[in-house]
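Structure record follows, encoded as structure tokens.
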Amino acid sequence: MFDFSIVTGWIHNLLTSFLPYGLAVFVECVAIGIGIMIAYALIAIIMIFMERKVCAAFQCRLGPMRVGPQGTVQIFCDVIKMLTKEIVKIREADKFLYNLAPYVVIAASVLAFSCLPVNKGMEVLDFNVGVFFLLAASSIGVVGILLAGWSSNNKYSLIGAMRSGAQMVSYELSTGLSILTIVVLTDTMQLSEIVARQADGWFIFKGHVSAVIAFIIYLIAGNAEVNRGPFDLPEAESELTAGYHTEYSGMHFGLFYVAEFVNLFIISGVATTIFLGGWMPLHIPGWEGFNAVMDFIPGFVWFFGKAFFVVWLLMWIKWTFPRLRIDQILTLEWKYLIPLGLVNLLLMVIIVVFKLHF
Amino acid sequence: MNFTLLVVGLLTAVALVAIALGIARAISPRSFNPQKGEAYECGIPTHGKSWVQLKAGYYLFAILFLMFDVETIYLFPWASIVQELGIYGLASVIFFLAILVLGLAYAWKKGALEWK
């Protein structure tokens with residue numbers, strides 16, 4: 001497999017050859033920051049376009065078609081439209097918290113985004129407690145949403161934020177439990193290491209039925225954590241106007257919108273990394289020729305292919321099922337998913353302790 | 001290096017928001033109208049104060065969440081060494097989870113999981 005750390009090492013050597021060490025590191029940090037920003041914006045744009053096209057396909061429409069070939073330029077026009085809208089200030093809002101909320105939401109999502117191992121040697125944040133950090137970072141987003149709902153001095157926003165808080169906080173437990181199940185199998189929390197352990201088989205195959213159950217729980221809980229699909233009642237359009245971001249306009253609103261879509265990508269990216277082998281190619285034991293051909297496809301193509309497949313699956317769920325009520329959502333989590341997750345965890349421990357996996 | 005990158009990630013997030021809002025403020029039109037500053041809510045004039053008291057049910061779930069979240073914090077270090085611990089790890093976690101499940105069962109029986 002192509003190792004991206006060759007490229008980063010070469011750049012580092014090049015920079016240190018004619019710059020003092022501190023300055024070279026500073027230049028690298030700036031380059032990484034700009035890289036994250038561009039990748040973040042690109043993913044957001046692709047996701048929004050994909051959402052419109054997939055939604056159209058499930059409703060037997062064509063979706064955006066007029067601007068550019070197959071409507072591909074449409075989304076750039078949307079960005080420009082969003083930028084040229086006036087940012088309205090609410091007189092009675094809590095000004096400081098109102099302006100702080102988008103920063104918190106975007107910070108949570110950028111930190112989680114930079115954890116994703118896209119290719120070998122191509123991850124920005126790679127802690128030895130990576131999975132733990134990822135969960136911690138992505139759960140800061142709830143604070144931003146609660147701030148947005150509370151500070152905008154609007155009853156609908158407040159109800160939306162409270163619902164969103166209850167829902168995201170509840171479903172975080174299930175995502176945590178299903179990730180924990182895989183950590184038991186790998187005995188490491190480092191994301192790059194988790195991917196490396198899947199060289200001889202993705203965890204969804206390796207972990208018997210326990211990993212499959214964990215994967216399904218993760219998809220349901222992840223979908224609920226980003227407030228989408230059948231769980232989108234924090235921003236139920238027909239009852240709450242737009243939920244917690246009703247009072248935000250122009251680019252202020254755009255940031256919440258972008259964060260929501262990138263969070264969906266992060267959920268799929270984590271599912272890919274942990275269950276579907278990250279950038280590891282598909283190998284079938286015994287098929288040497290097939291495996292050799294699969295090795296030629298670069299790692300990031302595998303990663304994005306799998307991640308967008310999971311995104312497509314979640315969009316399919318979103319545009320198929322009707323919205324649930326809040327009591328149904330909380331019942332599903334606390335009476336079904338958490339007990340199931342705990343039993344599944346015990347099952348995985350038994351599999352690991354008695355060496356029943358391969 | 002990792003913690004440098006963490007700071008870089010945080011600064012990137014702040015810069016992303018600041019740049020996006022900066023561009024928007026620079027090129028977007030501005031007009032003044034006293035009605036614009038009012039809360040939109042759903043289009044009609046708002047009635048009463050918006051910072052109201054909310055249903056206690058939300059807080060119950062927040063407390064339950066705390067219980068299980070702290071449990072996850074303790075389980076992660078255990079999960080990363082369970083292969084070395086073997087049977088001992090299995091036994092200890094069964095004991096740990098039993099206490100937790102008792103807590104959940106108590107909440108369930110008390111009706112804290114019902115949305116009333």
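Each chain of the structure tokens is named A, B, ... in the order shown, its residues numbered from 1; ligands are numbered from 1 in display order.
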Run DSSP on the backbone and grab whatever in chain B lands in alpha helix (DSSP H); send it over as a PyMOL selection string. chain B and resi 2-27+57-85+87-110
Can you tell me which residues surround segment 171-184 of chain A at a distance of at most 8 Å, considering only C-alpha atoms, apart from same-chain residues fewer than 4 positions away, and format the answer as a ChimeraX atom specification? /A:131,135,139,167,188-189,203,211,214-215,217-218,221-222,224-225,274-275,333,337-338,341-342,344-345,348-349,352 /B:65,68-69,72,75-76,79-83
Could you write out the selected residues, including N, CA and C atoms, as a compact mmCIF listing (two decimals), in the first residue's frame?
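Output file again-v8.txt follows:
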# COMPACT_ATOMS: atom_id res chain seq x y z
N VAL A 131 -9.86 6.70 19.75
CA VAL A 131 -11.31 6.49 19.74
C VAL A 131 -11.97 7.29 20.84
N LEU A 135 -14.76 10.34 20.48
CA LEU A 135 -16.06 10.40 21.16
C LEU A 135 -16.18 11.70 21.94
N SER A 139 -18.77 14.89 21.08
CA SER A 139 -19.87 15.17 21.99
C SER A 139 -19.88 16.62 22.45
N GLN A 167 -31.69 13.76 22.94
CA GLN A 167 -31.51 12.70 21.95
C GLN A 167 -30.02 12.40 21.70
N THR A 188 -6.63 -2.03 21.33
CA THR A 188 -5.96 -0.74 21.16
C THR A 188 -7.01 0.31 20.89
N MET A 189 -6.68 1.58 21.22
CA MET A 189 -7.63 2.66 20.96
C MET A 189 -7.13 3.59 19.86
N PHE A 203 -13.12 -5.98 10.58
CA PHE A 203 -13.66 -6.42 11.88
C PHE A 203 -15.10 -6.90 11.78
N ALA A 211 -19.83 -8.35 16.09
CA ALA A 211 -19.43 -7.14 15.37
C ALA A 211 -20.54 -6.66 14.45
N ALA A 214 -22.98 -4.85 16.57
CA ALA A 214 -22.41 -3.56 16.96
C ALA A 214 -22.48 -2.58 15.80
N PHE A 215 -22.24 -3.07 14.58
CA PHE A 215 -22.29 -2.20 13.39
C PHE A 215 -23.69 -1.64 13.19
N ILE A 217 -26.08 -1.33 15.48
CA ILE A 217 -26.37 -0.38 16.56
C ILE A 217 -25.68 0.95 16.28
N TYR A 218 -24.42 0.86 15.79
CA TYR A 218 -23.68 2.09 15.53
C TYR A 218 -24.36 2.92 14.45
N ALA A 221 -27.53 4.52 16.00
CA ALA A 221 -27.21 5.54 16.99
C ALA A 221 -26.50 6.72 16.34
N GLY A 222 -25.63 6.43 15.36
CA GLY A 222 -24.94 7.50 14.68
C GLY A 222 -25.90 8.39 13.92
N ALA A 224 -28.94 8.92 14.70
CA ALA A 224 -29.68 9.74 15.66
C ALA A 224 -28.79 10.84 16.22
N GLU A 225 -27.48 10.57 16.32
CA GLU A 225 -26.59 11.55 16.94
C GLU A 225 -26.41 12.76 16.05
N ILE A 274 -13.71 1.69 11.79
CA ILE A 274 -13.76 0.72 12.88
C ILE A 274 -14.32 -0.62 12.43
N PHE A 275 -15.30 -0.61 11.55
CA PHE A 275 -15.93 -1.87 11.17
C PHE A 275 -15.52 -2.36 9.79
N GLU A 333 -33.87 3.91 22.46
CA GLU A 333 -32.51 3.94 22.97
C GLU A 333 -32.39 3.22 24.32
N LEU A 337 -31.71 -0.42 22.68
CA LEU A 337 -30.32 -0.38 22.21
C LEU A 337 -29.30 -0.53 23.34
N ILE A 338 -29.54 0.13 24.50
CA ILE A 338 -28.54 0.03 25.57
C ILE A 338 -28.46 -1.38 26.15
N GLY A 341 -26.76 -3.42 23.60
CA GLY A 341 -25.35 -3.09 23.52
C GLY A 341 -24.55 -3.73 24.65
N LEU A 342 -25.10 -3.73 25.86
CA LEU A 342 -24.39 -4.32 27.00
C LEU A 342 -24.24 -5.83 26.82
N ASN A 344 -24.26 -7.42 24.04
CA ASN A 344 -23.36 -7.61 22.91
C ASN A 344 -21.90 -7.45 23.35
N LEU A 345 -21.67 -6.49 24.25
CA LEU A 345 -20.32 -6.29 24.79
C LEU A 345 -19.85 -7.54 25.52
N MET A 348 -18.96 -10.23 23.12
CA MET A 348 -17.66 -10.01 22.48
C MET A 348 -16.53 -10.37 23.43
N VAL A 349 -16.70 -10.04 24.74
CA VAL A 349 -15.65 -10.39 25.70
C VAL A 349 -15.49 -11.90 25.75
N VAL A 352 -13.61 -13.05 22.76
CA VAL A 352 -12.19 -12.69 22.80
C VAL A 352 -11.45 -13.54 23.83
N PHE B 65 -27.89 9.68 31.70
CA PHE B 65 -26.76 9.71 30.76
C PHE B 65 -25.45 9.78 31.52
N PHE B 68 -24.26 6.43 32.77
CA PHE B 68 -23.72 5.51 31.77
C PHE B 68 -22.47 6.06 31.11
N ASP B 69 -22.35 7.39 31.05
CA ASP B 69 -21.17 7.95 30.42
C ASP B 69 -19.94 7.71 31.29
N THR B 72 -18.76 4.33 30.71
CA THR B 72 -17.97 4.17 29.49
C THR B 72 -16.53 4.60 29.71
N LEU B 75 -14.84 1.81 31.32
CA LEU B 75 -14.75 0.59 30.51
C LEU B 75 -13.67 0.69 29.42
N PHE B 76 -13.38 1.90 28.93
CA PHE B 76 -12.41 2.00 27.82
C PHE B 76 -11.02 1.48 28.21
N ALA B 79 -11.20 -2.21 28.37
CA ALA B 79 -11.35 -2.87 27.07
C ALA B 79 -10.02 -3.00 26.36
N SER B 80 -9.09 -2.04 26.60
CA SER B 80 -7.84 -2.11 25.85
C SER B 80 -6.86 -3.12 26.44
N ILE B 81 -7.14 -3.67 27.64
CA ILE B 81 -6.22 -4.70 28.16
C ILE B 81 -6.94 -6.01 28.47
N VAL B 82 -8.19 -6.14 28.01
CA VAL B 82 -8.96 -7.33 28.42
C VAL B 82 -8.34 -8.62 27.88
N GLN B 83 -7.61 -8.54 26.76
CA GLN B 83 -7.03 -9.77 26.21
C GLN B 83 -5.93 -10.33 27.10
All residues 9 Å or closer to segment 2-12 of chain B, only C-alpha atoms, same chain fewer than 2 positions away omitted, as an NGL selection string: (:A and (29-30 or 32-34 or 36-37 or 107-108 or 110-111 or 114 or 124-127)) or (:B and (14-17))
Find the residues near Leu113 of chain B: any atom within 10 Å, counting only C-alpha atoms, skip ones fewer than 4 places away on the same chain, and give them as a VMD selection string. (chain A and resid 327 330 to 331 333 to 335) or (chain B and resid 57 60 to 61 64 104 to 105 107 to 109)
Next, the residues of the selection above should be written as a compact mmCIF listing (two decimals), in the first residue's frame with N, CA and C atoms.
# COMPACT_ATOMS: atom_id res chain seq x y z
N ASP A 327 -40.91 10.27 22.58
CA ASP A 327 -40.98 9.14 23.51
C ASP A 327 -40.56 7.85 22.81
N LEU A 330 -36.66 7.89 22.66
CA LEU A 330 -36.01 7.59 23.94
C LEU A 330 -36.26 6.15 24.34
N THR A 331 -37.45 5.61 24.04
CA THR A 331 -37.73 4.21 24.35
C THR A 331 -36.80 3.30 23.56
N GLU A 333 -33.87 3.91 22.46
CA GLU A 333 -32.51 3.94 22.97
C GLU A 333 -32.39 3.22 24.32
N TRP A 334 -33.23 3.62 25.29
CA TRP A 334 -32.99 3.17 26.66
C TRP A 334 -33.50 1.77 26.92
N LYS A 335 -34.55 1.35 26.20
CA LYS A 335 -35.11 0.03 26.50
C LYS A 335 -34.66 -1.04 25.52
N GLY B 57 -38.53 15.95 32.44
CA GLY B 57 -38.13 14.70 31.79
C GLY B 57 -36.76 14.78 31.15
N LEU B 60 -34.05 14.28 33.74
CA LEU B 60 -33.95 12.88 34.17
C LEU B 60 -33.04 12.10 33.24
N PHE B 61 -33.26 12.32 31.92
CA PHE B 61 -32.43 11.59 30.96
C PHE B 61 -30.98 12.06 31.02
N LEU B 64 -29.44 10.16 33.90
CA LEU B 64 -29.19 8.77 33.50
C LEU B 64 -27.98 8.68 32.58
N LEU B 104 -29.99 0.67 35.97
CA LEU B 104 -30.92 0.87 34.85
C LEU B 104 -32.27 0.24 35.17
N ALA B 105 -32.22 -0.96 35.78
CA ALA B 105 -33.47 -1.65 36.10
C ALA B 105 -34.28 -0.86 37.13
N ALA B 107 -34.21 2.44 37.51
CA ALA B 107 -34.80 3.58 36.80
C ALA B 107 -36.00 3.14 35.98
N TRP B 108 -35.88 1.98 35.36
CA TRP B 108 -36.94 1.44 34.51
C TRP B 108 -38.19 1.17 35.35
N LYS B 109 -37.97 0.53 36.52
CA LYS B 109 -39.08 0.13 37.37
C LYS B 109 -39.76 1.38 37.95
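Distance-wise, atom CA of Ala93 of chain A and atom CA of Phe253 of chain A end up 15.4 Å apart.
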